[in-house]
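*Asks:* Next up, query-v5.txt (compact mmCIF, C-alpha atoms).
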# COMPACT_ATOMS: atom_id res chain seq x y z
CA MET A 1 -19.80 15.98 27.11
CA ALA A 2 -19.20 17.00 23.52
CA THR A 3 -15.43 16.82 23.86
CA ALA A 4 -15.68 13.43 25.57
CA PHE A 5 -17.77 12.16 22.68
CA LYS A 6 -15.32 13.60 20.19
CA SER A 7 -12.33 11.95 21.84
CA LEU A 8 -14.18 8.65 22.01
CA ALA A 9 -15.14 8.94 18.37
CA SER A 10 -11.58 9.71 17.34
CA LYS A 11 -10.30 6.79 19.41
CA LEU A 12 -12.76 4.40 17.87
CA CYS A 13 -12.19 5.71 14.39
CA GLY A 14 -8.50 5.18 15.00
CA VAL A 15 -9.21 1.58 15.92
CA ILE A 16 -11.40 1.08 12.88
CA VAL A 17 -8.87 2.61 10.52
CA ARG A 18 -5.95 0.78 12.06
CA GLY A 19 -7.87 -2.47 11.88
CA HIS A 20 -8.56 -1.88 8.24
CA LEU A 21 -4.99 -1.08 7.37
CA THR A 22 -3.31 -3.88 9.25
CA THR A 23 -5.73 -6.59 8.21
CA LYS A 24 -7.48 -6.33 4.91
CA SER A 25 -10.10 -3.88 3.93
CA TYR A 26 -10.92 -0.99 1.73
CA ILE A 27 -11.71 2.62 2.58
CA PRO A 28 -13.11 4.65 -0.29
CA LYS A 29 -11.82 8.20 -0.58
CA ALA A 30 -13.86 10.52 1.61
CA HIS A 31 -14.35 13.23 -0.99
CA LEU A 32 -15.72 10.69 -3.49
CA SER A 33 -18.15 9.09 -1.06
CA VAL A 34 -21.88 9.53 -1.55
CA TYR A 35 -22.50 8.49 2.04
CA ASN A 36 -23.26 10.91 4.82
CA PRO A 37 -20.04 11.28 6.84
CA LYS A 38 -21.85 9.83 9.87
CA TYR A 39 -21.85 6.39 8.27
CA VAL A 40 -19.05 4.13 9.57
CA GLU A 41 -17.01 1.64 7.57
CA PRO A 42 -18.12 -1.99 7.56
CA VAL A 43 -15.88 -4.46 9.38
CA LEU A 44 -15.10 -7.51 7.28
CA ASP A 45 -12.35 -9.13 9.30
CA LYS A 46 -13.79 -12.24 10.93
CA ASP A 47 -11.58 -12.04 14.03
CA THR A 48 -12.75 -8.51 14.73
CA LEU A 49 -16.36 -9.49 14.11
CA SER A 50 -16.23 -12.42 16.51
CA LYS A 51 -15.03 -10.15 19.31
CA GLY A 52 -18.28 -8.19 19.33
CA LEU A 53 -18.79 -4.58 20.32
CA GLU A 54 -18.03 -2.90 23.60
CA ASP A 55 -20.78 -1.06 25.51
CA ASP A 56 -19.46 2.40 24.63
CA ASP A 57 -18.81 1.57 20.99
CA ILE A 58 -19.88 4.26 18.54
CA ARG A 59 -21.19 1.66 16.09
CA HIS A 60 -24.14 0.88 18.39
CA HIS A 61 -25.89 4.01 17.22
CA ARG A 62 -24.37 4.73 13.83
CA PRO A 63 -25.46 3.47 10.43
CA VAL A 64 -22.93 1.28 8.63
CA LYS A 65 -21.97 1.44 4.97
CA ALA A 66 -22.65 -1.52 2.72
CA PRO A 67 -19.55 -3.39 1.50
CA THR A 68 -18.64 -2.80 -2.13
CA THR A 69 -19.52 -5.35 -4.80
CA ASP A 70 -15.94 -6.59 -4.99
CA LEU A 71 -15.86 -7.24 -1.28
CA SER A 72 -19.16 -9.09 -1.23
CA ILE A 73 -18.15 -11.35 -4.11
CA SER A 74 -14.94 -12.77 -2.72
CA PRO A 75 -12.77 -12.23 0.38
CA LEU A 76 -9.87 -12.30 -2.09
CA PHE A 77 -10.64 -8.66 -2.82
CA TYR A 78 -10.32 -7.59 0.80
CA ASP A 79 -6.68 -7.28 -0.13
CA ASP A 80 -5.87 -3.84 -1.49
CA ASP A 81 -3.08 -5.01 -3.83
CA ILE A 82 -5.14 -7.76 -5.43
CA ARG A 83 -8.11 -5.45 -5.94
CA LYS A 84 -5.87 -2.84 -7.53
CA PHE A 85 -4.24 -5.41 -9.78
CA THR A 86 -7.64 -6.70 -10.91
CA ASN A 87 -8.92 -3.24 -11.66
CA MET A 88 -5.79 -2.34 -13.61
CA MET A 89 -6.16 -5.45 -15.74
CA MET A 90 -9.76 -4.64 -16.61
CA LYS A 91 -10.63 -3.65 -20.19
CA GLY A 92 -13.89 -1.95 -21.15
CA GLY A 93 -15.46 -2.40 -17.73
CA ASN A 94 -15.49 -6.18 -17.99
CA LYS A 95 -14.87 -6.79 -14.32
CA GLU A 96 -16.38 -10.25 -14.17
CA ARG A 97 -13.79 -11.52 -16.60
CA VAL A 98 -10.82 -10.05 -14.73
CA ARG A 99 -12.11 -11.31 -11.40
CA GLU A 100 -12.12 -14.78 -12.90
CA ILE A 101 -8.60 -14.27 -14.29
CA THR A 102 -7.31 -13.21 -10.87
CA ARG A 103 -8.93 -16.19 -9.20
CA ARG A 104 -7.48 -18.61 -11.74
CA LEU A 105 -4.08 -16.94 -11.54
CA LEU A 106 -3.85 -17.53 -7.82
CA GLU A 107 -5.19 -21.05 -8.29
CA ASN A 108 -2.50 -21.78 -10.89
CA ILE A 109 0.23 -20.53 -8.59
CA LYS A 110 -1.11 -22.66 -5.77
CA HIS A 111 -1.15 -25.76 -7.98
CA MET A 112 2.40 -25.14 -9.19
CA GLN A 113 3.79 -24.65 -5.73
CA VAL A 114 1.98 -27.62 -4.20
CA GLU A 115 3.23 -29.80 -7.04
CA LYS A 116 6.77 -28.66 -6.36
CA TYR A 117 6.24 -29.25 -2.66
CA ASN A 118 5.07 -32.81 -3.18
CA LYS A 119 7.88 -33.65 -5.58
CA THR A 120 10.68 -32.55 -3.27
CA ALA A 121 12.09 -35.25 -1.04
CA THR A 122 13.63 -33.65 2.02
CA ASP A 123 11.83 -31.64 4.69
CA GLU A 124 14.47 -28.94 4.48
CA GLU A 125 13.70 -28.20 0.85
CA LYS A 126 9.99 -28.45 1.52
CA SER A 127 10.13 -25.78 4.19
CA GLN A 128 11.65 -23.36 1.68
CA ILE A 129 8.79 -23.64 -0.81
CA GLU A 130 6.18 -20.93 -0.38
CA CYS A 131 2.69 -22.35 -0.97
CA ASN A 132 0.61 -19.25 -0.24
CA PRO A 133 -0.26 -17.71 -3.64
CA VAL A 134 -1.11 -14.33 -2.15
CA THR A 135 2.33 -14.09 -0.54
CA ILE A 136 3.96 -15.04 -3.84
CA PHE A 137 1.89 -12.46 -5.70
CA LYS A 138 2.82 -9.73 -3.23
CA GLN A 139 6.50 -10.65 -3.29
CA ALA A 140 6.47 -10.64 -7.11
CA VAL A 141 4.96 -7.13 -7.16
CA GLU A 142 7.46 -6.09 -4.51
CA ASN A 143 10.35 -7.32 -6.69
CA CYS A 144 9.12 -5.24 -9.64
CA LYS A 145 8.80 -1.99 -7.70
CA PRO A 146 11.26 0.67 -8.88
CA LEU A 147 13.00 2.56 -6.07
CA LEU A 148 13.81 5.57 -8.23
CA THR A 149 12.12 7.28 -11.14
CA THR A 150 12.99 10.31 -13.22
CA ILE A 151 11.09 13.57 -13.43
CA ARG A 152 11.43 16.23 -16.10
CA VAL A 153 12.96 19.47 -14.82
CA VAL A 154 13.49 22.44 -17.12
CA LYS A 155 16.41 24.67 -16.16
CA SER A 156 17.34 27.62 -18.39
CA GLY A 157 15.63 26.13 -21.41
CA VAL A 158 17.16 22.67 -21.11
CA ALA A 159 15.06 19.72 -19.98
CA TYR A 160 16.84 17.34 -17.60
CA ARG A 161 15.72 13.94 -16.38
CA VAL A 162 16.25 14.11 -12.66
CA PRO A 163 16.26 10.89 -10.61
CA ILE A 164 14.05 10.99 -7.52
CA CYS A 165 12.73 8.52 -4.98
CA ALA A 166 9.43 7.10 -6.31
CA ARG A 167 6.26 7.43 -4.24
CA PRO A 168 4.85 4.15 -2.84
CA SER A 169 1.64 4.45 -4.87
CA ASP A 170 3.67 5.14 -8.01
CA GLN A 171 5.93 2.17 -7.29
CA ARG A 172 2.96 -0.15 -6.98
CA PHE A 173 1.34 1.19 -10.14
CA ARG A 174 4.52 0.80 -12.20
CA ALA A 175 5.18 -2.73 -10.94
CA MET A 176 1.66 -3.93 -11.70
CA LYS A 177 1.56 -2.16 -15.06
CA TRP A 178 4.80 -3.78 -16.15
CA ILE A 179 3.61 -7.24 -15.13
CA ILE A 180 0.35 -6.80 -17.06
CA GLU A 181 1.96 -5.21 -20.10
CA SER A 182 4.63 -7.88 -20.41
CA CYS A 183 1.85 -10.50 -20.43
CA ARG A 184 -0.11 -8.61 -23.07
CA ASP A 185 3.00 -8.69 -25.30
CA LYS A 186 3.15 -12.49 -25.19
CA GLU A 187 1.37 -14.97 -27.49
CA ARG A 188 -2.27 -13.96 -27.87
CA ARG A 189 -3.74 -17.46 -28.00
CA ILE A 190 -2.57 -18.34 -24.49
CA PRO A 191 -5.05 -17.40 -21.73
CA MET A 192 -4.11 -14.34 -19.69
CA GLU A 193 -4.10 -16.25 -16.41
CA ASN A 194 -1.41 -18.64 -17.66
CA LYS A 195 0.78 -15.86 -18.95
CA LEU A 196 0.38 -14.01 -15.68
CA THR A 197 1.28 -17.13 -13.71
CA TRP A 198 4.59 -17.46 -15.52
CA GLU A 199 5.33 -13.77 -15.29
CA ILE A 200 4.58 -13.65 -11.58
CA MET A 201 6.62 -16.75 -10.82
CA ASP A 202 9.48 -15.18 -12.79
CA ALA A 203 9.14 -11.92 -10.91
CA TYR A 204 9.04 -13.87 -7.63
CA ASN A 205 12.47 -15.24 -8.55
CA ASN A 206 13.73 -11.78 -9.65
CA GLN A 207 13.66 -12.64 -13.34
CA GLY A 208 11.43 -11.89 -16.28
CA LYS A 209 10.39 -8.93 -18.34
CA ALA A 210 8.82 -6.84 -15.57
CA VAL A 211 11.94 -7.04 -13.39
CA ARG A 212 14.08 -6.14 -16.40
CA LYS A 213 11.92 -3.10 -17.00
CA LYS A 214 12.52 -2.01 -13.44
CA GLN A 215 16.26 -2.41 -13.93
CA GLU A 216 16.01 -0.37 -17.13
CA VAL A 217 14.42 2.49 -15.19
CA HIS A 218 17.19 2.23 -12.61
CA ARG A 219 19.76 2.35 -15.44
CA ILE A 220 18.19 5.57 -16.76
CA CYS A 221 18.32 7.04 -13.26
CA GLU A 222 21.94 6.00 -12.93
CA SER A 223 22.92 7.61 -16.23
CA ASN A 224 21.25 10.85 -15.12
CA ARG A 225 22.72 10.83 -11.61
CA ALA A 226 24.69 14.02 -12.26
CA TYR A 227 21.40 15.98 -12.25
CA ALA A 228 20.15 14.60 -8.92
CA HIS A 229 20.75 17.94 -7.17
CA LEU A 230 18.52 19.83 -9.64
CA ARG A 231 15.31 18.68 -7.99
CA MET B 232 25.33 78.30 -6.20
CA ARG B 233 22.44 78.33 -3.79
CA PRO B 234 20.41 81.53 -3.82
CA THR B 235 20.46 83.29 -0.48
CA ASP B 236 17.53 85.42 0.69
CA VAL B 237 19.21 88.57 -0.55
CA LEU B 238 19.91 87.13 -3.95
CA PHE B 239 16.38 85.85 -4.09
CA LYS B 240 15.05 89.42 -3.84
CA THR B 241 16.78 90.43 -7.06
CA ALA B 242 14.69 90.39 -10.18
CA SER B 243 17.14 88.41 -12.27
CA VAL B 244 16.83 85.34 -10.02
CA LYS B 245 13.08 85.74 -9.53
CA LYS B 246 12.44 84.50 -12.99
CA PHE B 247 13.70 81.00 -12.03
CA THR B 248 10.48 79.49 -10.79
CA ASN B 249 12.07 76.39 -9.37
CA TYR B 250 13.62 78.47 -6.57
CA ARG B 251 10.27 79.93 -5.60
CA ASP B 252 8.94 79.44 -2.06
CA LEU B 253 6.14 76.94 -2.43
CA GLY B 254 4.73 77.49 1.04
CA PHE B 255 5.68 74.07 2.41
CA LYS B 256 8.93 72.59 3.56
CA TYR B 257 8.71 69.02 2.30
CA LYS B 258 6.84 67.51 -0.55
CA VAL B 259 5.22 64.30 0.70
CA VAL B 260 5.67 61.66 -1.95
CA ARG B 261 4.68 58.75 0.26
CA ILE B 262 2.78 59.04 3.49
CA PRO B 263 5.18 58.28 6.33
CA ALA B 264 3.07 55.55 7.93
CA LEU B 265 3.64 51.79 8.17
CA LYS B 266 1.37 49.57 6.15
CA ASP B 267 -0.97 47.02 7.68
CA GLU B 268 0.56 44.22 5.65
CA ILE B 269 3.86 42.77 4.57
CA LYS B 270 4.79 41.01 1.35
CA SER B 271 3.59 37.43 1.33
CA ARG B 272 6.67 35.30 1.16
CA GLN B 273 6.79 31.61 0.34
CA PRO B 274 9.11 29.51 2.48
CA LYS B 275 12.31 28.61 0.65
CA THR B 276 12.00 25.48 -1.45
CA GLU B 277 14.06 22.65 -0.04
CA SER B 278 17.22 21.66 -1.82
CA ALA B 279 17.58 18.08 -3.01
CA THR B 280 17.89 15.62 -0.13
CA CYS B 281 19.66 12.27 0.11
CA VAL B 282 21.76 12.86 -3.01
CA ASN B 283 24.85 11.25 -1.46
CA GLU B 284 22.92 8.20 -0.30
CA MET B 285 21.34 7.87 -3.73
CA SER B 286 24.67 8.03 -5.54
CA ARG B 287 26.16 5.46 -3.14
CA MET B 288 23.25 3.14 -3.92
CA MET B 289 23.72 3.71 -7.65
CA ASP B 290 27.43 2.88 -7.32
CA CYS B 291 26.49 -0.41 -5.72
CA TRP B 292 23.95 -1.15 -8.45
CA LYS B 293 26.53 -0.49 -11.13
CA LYS B 294 28.99 -2.85 -9.45
CA THR B 295 26.47 -5.66 -9.07
CA ASP B 296 24.75 -5.20 -12.46
CA PHE B 297 21.58 -3.67 -10.98
CA ASN B 298 20.96 -6.51 -8.58
CA GLN B 299 18.92 -4.95 -5.82
CA SER B 300 19.22 -7.79 -3.33
CA ALA B 301 23.01 -7.41 -3.31
CA CYS B 302 22.68 -3.76 -2.26
CA SER B 303 20.24 -4.15 0.62
CA LYS B 304 22.49 -2.22 3.00
CA GLU B 305 22.79 0.84 0.75
CA THR B 306 19.08 0.68 -0.04
CA GLU B 307 18.21 0.63 3.63
CA VAL B 308 20.40 3.69 4.31
CA PHE B 309 18.76 5.50 1.41
CA MET B 310 15.24 4.63 2.54
CA GLN B 311 16.01 5.79 6.07
CA CYS B 312 17.32 9.08 4.70
CA VAL B 313 14.20 9.54 2.56
CA ALA B 314 11.94 8.79 5.51
CA ALA B 315 13.84 11.29 7.68
CA ALA B 316 13.64 13.98 4.98
CA LYS B 317 9.93 13.34 4.56
CA ALA B 318 9.33 13.61 8.30
CA ALA B 319 11.33 16.85 8.44
CA SER B 320 9.36 18.44 5.59
CA GLN B 321 6.10 17.30 7.19
CA GLU B 322 7.17 18.88 10.47
CA ALA B 323 8.04 22.10 8.68
CA ARG B 324 4.61 22.10 7.05
CA ASP B 325 2.93 21.46 10.40
CA ARG B 326 4.85 24.33 11.96
CA ALA B 327 3.85 26.63 9.12
CA ALA B 328 0.20 25.60 9.54
CA LYS B 329 0.40 26.38 13.25
CA GLY B 330 2.05 29.71 12.53
CA LEU B 331 5.36 28.88 14.17
CA PRO B 332 8.65 30.18 12.76
CA VAL B 333 10.87 27.93 10.66
CA LYS B 334 13.34 25.93 12.74
CA GLY B 335 16.43 27.97 13.57
CA SER B 336 14.72 31.25 12.72
CA ASN B 337 12.80 33.92 14.62
CA PHE B 338 10.71 35.11 11.70
CA ARG B 339 7.04 34.20 11.79
CA PRO B 340 5.36 33.19 8.52
CA SER B 341 4.10 36.17 6.52
CA LYS B 342 0.50 35.01 6.65
CA GLN B 343 0.43 35.08 10.42
CA VAL B 344 2.17 38.45 10.57
CA ASN B 345 -0.46 39.87 8.23
CA GLU B 346 -3.25 38.54 10.43
CA MET B 347 -1.71 40.16 13.48
CA LEU B 348 -1.08 43.46 11.72
CA ALA B 349 -4.67 43.55 10.47
CA ARG B 350 -5.92 43.15 14.02
CA TYR B 351 -4.15 46.34 15.20
CA PRO B 352 -4.18 48.71 12.20
CA GLN B 353 -1.74 51.62 11.98
CA PRO B 354 -3.01 55.24 12.09
CA ALA B 355 -3.70 56.63 8.62
CA SER B 356 -0.91 59.19 8.90
CA ASN B 357 1.73 60.33 11.40
CA LEU B 358 1.99 63.81 9.89
CA ARG B 359 1.29 66.76 12.13
Output the file's structure as structure tokens, nothing else.

*Replies:*
Amino acid sequence: MATAFKSLASKLCGVIVRGHLTTKSYIPKAHLSVYNPKYVEPVLDKDTLSKGLEDDDIRHHRPVKAPTTDLSISPLFYDDDIRKFTNMMMKGGNKERVREITRRLLENIKHMQVEKYNKTATDEEKSQIECNPVTIFKQAVENCKPLLTTIRVVKSGVAYRVPICARPSDQRFRAMKWIIESCRDKERRIPMENKLTWEIMDAYNNQGKAVRKKQEVHRICESNRAYAHLR
Amino acid sequence: MRPTDVLFKTASVKKFTNYRDLGFKYKVVRIPALKDEIKSRQPKTESATCVNEMSRMMDCWKKTDFNQSACSKETEVFMQCVAAAKAASQEARDRAAKGLPVKGSNFRPSKQVNEMLARYPQPASNLR
């Protein structure tokens, strides 16, 4: 009985986790959670919700966690990348402000792309224009991700910079940091959302400061390639 | 010259105390019994993986002025190699956690050997 319950639980948890990862949701780290481990994650995906629960579903008799503030404010923050980007941009805990910046940023991108779409004449060109701002944002971050980074290795008293393959979380952090930092360097009077719009459109087209920073890191790795075996 | 029994009887040799009969045959420095534990040994750290693939990718970058989209083929090969290396190291870790020997070796991990040795302890001494 106990083993049957365990296997069912693991199966269901697998479904819940997989659903969260493939669609859009957020799982807080288990060791940081204040919830009893018996609490299950909330399901926010509308398709999953409309399906309803099966008779043997574990969620019939388990308490469910409340969604976080971010998630209850806007479905925009169901997306892990966007939530991360927003949090990284935040200064002094002023989350409301950065939420607004993110919203306006995506709105700006949408306006730009739709304008382009309407101005083009042929259907062929129109089909090539991406109008989904979230896709553009993700592609821009993807274009800024460094494949390699260097680590410091000390061998016989000499410090070497050894190129290694960057971890996915590190790649994402670097890409977002570079995008934000390059916007902070620009003219101060211009609103952040406008600067970010330009930077992200540049990065989407593989140009701009953030992409150049990535290439710089790759250059450093290339110049230190002789030490790659020291890892 | 080793002192024979006859020589040993003479007074002149008797004064050398280091030839005296101590009453035992062997001095036991260490007890001749196996210990219940072995040295804990860390598995060998892996050498750098995918160095060739990485250098091939860097060559391509240098040719195309660090344009990543022009080197998609090399990048893909490199990523595949990294994924394979990661899977291999994960497998090795899983095997170590289960207490299985490293691939291509018959030696069990030291932690598991210690557990087994502790279960059946050796006699305190084999001396009779």

*Asks:* Find the residues near Lys304 (chain B): any atom within 12 Å, counting all atoms listed in the file, skip ones fewer than 5 places away on the same chain, and give them as number ranges by chain.

*Replies:* B: 284, 287-288, 291-292, 299, 309-311

*Asks:* What's around Leu348 (chain B) at 12 Å? Count only C-alpha atoms, leave out sequence neighbours fewer than 5 positions away in its own chain, and write the answer as a list in words.

*Replies:* Leu265, Lys266, Asp267, Glu268, Ile269, Ser341, Lys342, Gln343, Gln353 and Pro354 of chain B

*Asks:* Please save C-alpha atoms of the selected residues as a PDB file, keeping the file's coordinate frame.

*Replies:*
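Resulting contents of again36.pdb:
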ATOM      1  CA  LEU B 265       3.640  51.790   8.170  1.00  0.00           C
ATOM      2  CA  LYS B 266       1.370  49.570   6.150  1.00  0.00           C
ATOM      3  CA  ASP B 267      -0.970  47.020   7.680  1.00  0.00           C
ATOM      4  CA  GLU B 268       0.560  44.220   5.650  1.00  0.00           C
ATOM      5  CA  ILE B 269       3.860  42.770   4.570  1.00  0.00           C
ATOM      6  CA  SER B 341       4.100  36.170   6.520  1.00  0.00           C
ATOM      7  CA  LYS B 342       0.500  35.010   6.650  1.00  0.00           C
ATOM      8  CA  GLN B 343       0.430  35.080  10.420  1.00  0.00           C
ATOM      9  CA  GLN B 353      -1.740  51.620  11.980  1.00  0.00           C
ATOM     10  CA  PRO B 354      -3.010  55.240  12.090  1.00  0.00           C
TER      11      PRO B 354
END

*Asks:* Would you work out the distance separating CA of Ile136 (chain A) from CA of Gln113 (chain A), expressed in Å to one decimal?

*Replies:*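 Going from CA of Ile136 (chain A) over to CA of Gln113 (chain A), I get 9.8 Å.
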
*Asks:* Residues of chain A no more than 8 Å from chain B, counting all atoms listed in the file: send them over as a ChimeraX atom specification.

*Replies:* /A:165,215,218-219,222,225,228-231

*Asks:* Would you pick out the contacts of Ala159 (chain A) at 12 Å or less, using all atoms listed in the file, so that residues sharing its chain but fewer than 5 positions from it are not included, and give the list as a tab-separated table (two decimals) with C-alpha atoms, in the coordinates of the input?

*Replies:*
chain	number	residue	atom	x	y	z
A	150	THR	CA	12.99	10.31	-13.22
A	151	ILE	CA	11.09	13.57	-13.43
A	152	ARG	CA	11.43	16.23	-16.10
A	153	VAL	CA	12.96	19.47	-14.82
A	154	VAL	CA	13.49	22.44	-17.12
A	224	ASN	CA	21.25	10.85	-15.12
A	227	TYR	CA	21.40	15.98	-12.25
A	230	LEU	CA	18.52	19.83	-9.64

*Asks:* Taking all atoms listed in the file into account, name the residue in A:Met88, A:Asn36, A:Lys51, A:Glu130 that is nearest to Val64 (chain A).

*Replies:* A:Asn36

*Asks:* Give me the residues within 8 Å of Gln171 (chain A) as a count of residues only, counting all atoms listed in the file and dropping any in the same chain fewer than 4 places off.

*Replies:* 6

*Asks:* What does the distance between CA of Lys209 (chain A) and CA of Ser182 (chain A) come to in Å, to one decimal place?

*Replies:* 6.2 Å

*Asks:* Report, as lines of an AutoDock Vina configuration file, the centre and edge lengths in Å (one decimal) of the axis-aligned box enclosing every listed atom of region 335-348 of chain B, padded by 3 Å on each side.

*Replies:*
center_x = 6.6
center_y = 35.7
center_z = 10.6
size_x = 25.7
size_y = 21.5
size_z = 14.1

*Asks:* Report, in Å to a single decimal, how far apart CA of Pro37 (chain A) and CA of Asp56 (chain A) are.

*Replies:* 19.9 Å

*Asks:* Counting all atoms listed in the file, write as a ChimeraX atom specification all protein and nucleic acid residues lying at most 12 Å from (-5.0, -3.1, -10.6) in the file's frame.

*Replies:* /A:77,79-91,95,98-99,102,141,169,172-181

*Asks:* So that I can see what lies close to Arg339 (chain B), please list as a PyMOL selection string the residues with an atom at most 9 Å from it, counting all atoms listed in the file and leaving out residues fewer than 6 positions away in the same chain.

*Replies:* chain B and resi 327+330-333

*Asks:* For each of A:Asp57, A:Glu142, A:Asp123, A:Glu187, take the minimum atom-to-atom distance to Tyr204 (chain A), counting all atoms listed in the file, then give the residue where this is smallest.

*Replies:*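 Answer, going by the shortest atom-to-atom distance: A:Glu142.
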
*Asks:* Out of B:Val308, B:Ile262, B:Ala323, B:Ala314, which residue has the shortest atom-to-atom distance to Leu358 (chain B) when counting only C-alpha atoms?

*Replies:*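 Of B:Val308, B:Ile262, B:Ala323, B:Ala314, the one nearest Leu358 (chain B), counting only C-alpha atoms, is B:Ile262.
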
*Asks:* For region 72-88 of chain A, supply N, CA and C atoms and format the output as a PDB file, in the coordinates of the input.

*Replies:*
ATOM      1  N   SER A  72     -18.125  -8.102  -1.519  1.00  0.00           N
ATOM      2  CA  SER A  72     -19.160  -9.090  -1.230  1.00  0.00           C
ATOM      3  C   SER A  72     -19.065 -10.305  -2.146  1.00  0.00           C
ATOM      4  N   ILE A  73     -18.274 -10.196  -3.219  1.00  0.00           N
ATOM      5  CA  ILE A  73     -18.150 -11.350  -4.110  1.00  0.00           C
ATOM      6  C   ILE A  73     -17.128 -12.353  -3.581  1.00  0.00           C
ATOM      7  N   SER A  74     -15.958 -11.835  -3.188  1.00  0.00           N
ATOM      8  CA  SER A  74     -14.940 -12.770  -2.720  1.00  0.00           C
ATOM      9  C   SER A  74     -14.053 -12.096  -1.684  1.00  0.00           C
ATOM     10  N   PRO A  75     -13.687 -12.817  -0.610  1.00  0.00           N
ATOM     11  CA  PRO A  75     -12.770 -12.230   0.380  1.00  0.00           C
ATOM     12  C   PRO A  75     -11.375 -12.000  -0.202  1.00  0.00           C
ATOM     13  N   LEU A  76     -11.148 -12.545  -1.404  1.00  0.00           N
ATOM     14  CA  LEU A  76      -9.870 -12.300  -2.090  1.00  0.00           C
ATOM     15  C   LEU A  76      -9.645 -10.808  -2.273  1.00  0.00           C
ATOM     16  N   PHE A  77     -10.758 -10.083  -2.498  1.00  0.00           N
ATOM     17  CA  PHE A  77     -10.640  -8.660  -2.820  1.00  0.00           C
ATOM     18  C   PHE A  77     -10.630  -7.779  -1.580  1.00  0.00           C
ATOM     19  N   TYR A  78     -10.571  -8.393  -0.400  1.00  0.00           N
ATOM     20  CA  TYR A  78     -10.320  -7.590   0.800  1.00  0.00           C
ATOM     21  C   TYR A  78      -8.929  -6.989   0.704  1.00  0.00           C
ATOM     22  N   ASP A  79      -8.073  -7.715  -0.009  1.00  0.00           N
ATOM     23  CA  ASP A  79      -6.680  -7.280  -0.130  1.00  0.00           C
ATOM     24  C   ASP A  79      -6.576  -6.134  -1.123  1.00  0.00           C
ATOM     25  N   ASP A  80      -5.936  -5.060  -0.676  1.00  0.00           N
ATOM     26  CA  ASP A  80      -5.870  -3.840  -1.490  1.00  0.00           C
ATOM     27  C   ASP A  80      -5.075  -4.065  -2.778  1.00  0.00           C
ATOM     28  N   ASP A  81      -3.949  -4.801  -2.664  1.00  0.00           N
ATOM     29  CA  ASP A  81      -3.080  -5.010  -3.830  1.00  0.00           C
ATOM     30  C   ASP A  81      -3.792  -5.830  -4.904  1.00  0.00           C
ATOM     31  N   ILE A  82      -4.477  -6.876  -4.456  1.00  0.00           N
ATOM     32  CA  ILE A  82      -5.140  -7.760  -5.430  1.00  0.00           C
ATOM     33  C   ILE A  82      -6.278  -7.016  -6.114  1.00  0.00           C
ATOM     34  N   ARG A  83      -7.009  -6.208  -5.351  1.00  0.00           N
ATOM     35  CA  ARG A  83      -8.110  -5.450  -5.940  1.00  0.00           C
ATOM     36  C   ARG A  83      -7.582  -4.452  -6.972  1.00  0.00           C
ATOM     37  N   LYS A  84      -6.485  -3.808  -6.616  1.00  0.00           N
ATOM     38  CA  LYS A  84      -5.870  -2.840  -7.530  1.00  0.00           C
ATOM     39  C   LYS A  84      -5.407  -3.519  -8.813  1.00  0.00           C
ATOM     40  N   PHE A  85      -4.751  -4.662  -8.631  1.00  0.00           N
ATOM     41  CA  PHE A  85      -4.240  -5.410  -9.780  1.00  0.00           C
ATOM     42  C   PHE A  85      -5.381  -5.807 -10.713  1.00  0.00           C
ATOM     43  N   THR A  86      -6.474  -6.281 -10.116  1.00  0.00           N
ATOM     44  CA  THR A  86      -7.640  -6.700 -10.910  1.00  0.00           C
ATOM     45  C   THR A  86      -8.218  -5.525 -11.677  1.00  0.00           C
ATOM     46  N   ASN A  87      -8.349  -4.417 -11.004  1.00  0.00           N
ATOM     47  CA  ASN A  87      -8.920  -3.240 -11.660  1.00  0.00           C
ATOM     48  C   ASN A  87      -8.027  -2.731 -12.784  1.00  0.00           C
ATOM     49  N   MET A  88      -6.710  -2.833 -12.577  1.00  0.00           N
ATOM     50  CA  MET A  88      -5.790  -2.340 -13.610  1.00  0.00           C
ATOM     51  C   MET A  88      -5.822  -3.227 -14.845  1.00  0.00           C
TER      52      MET A  88
END
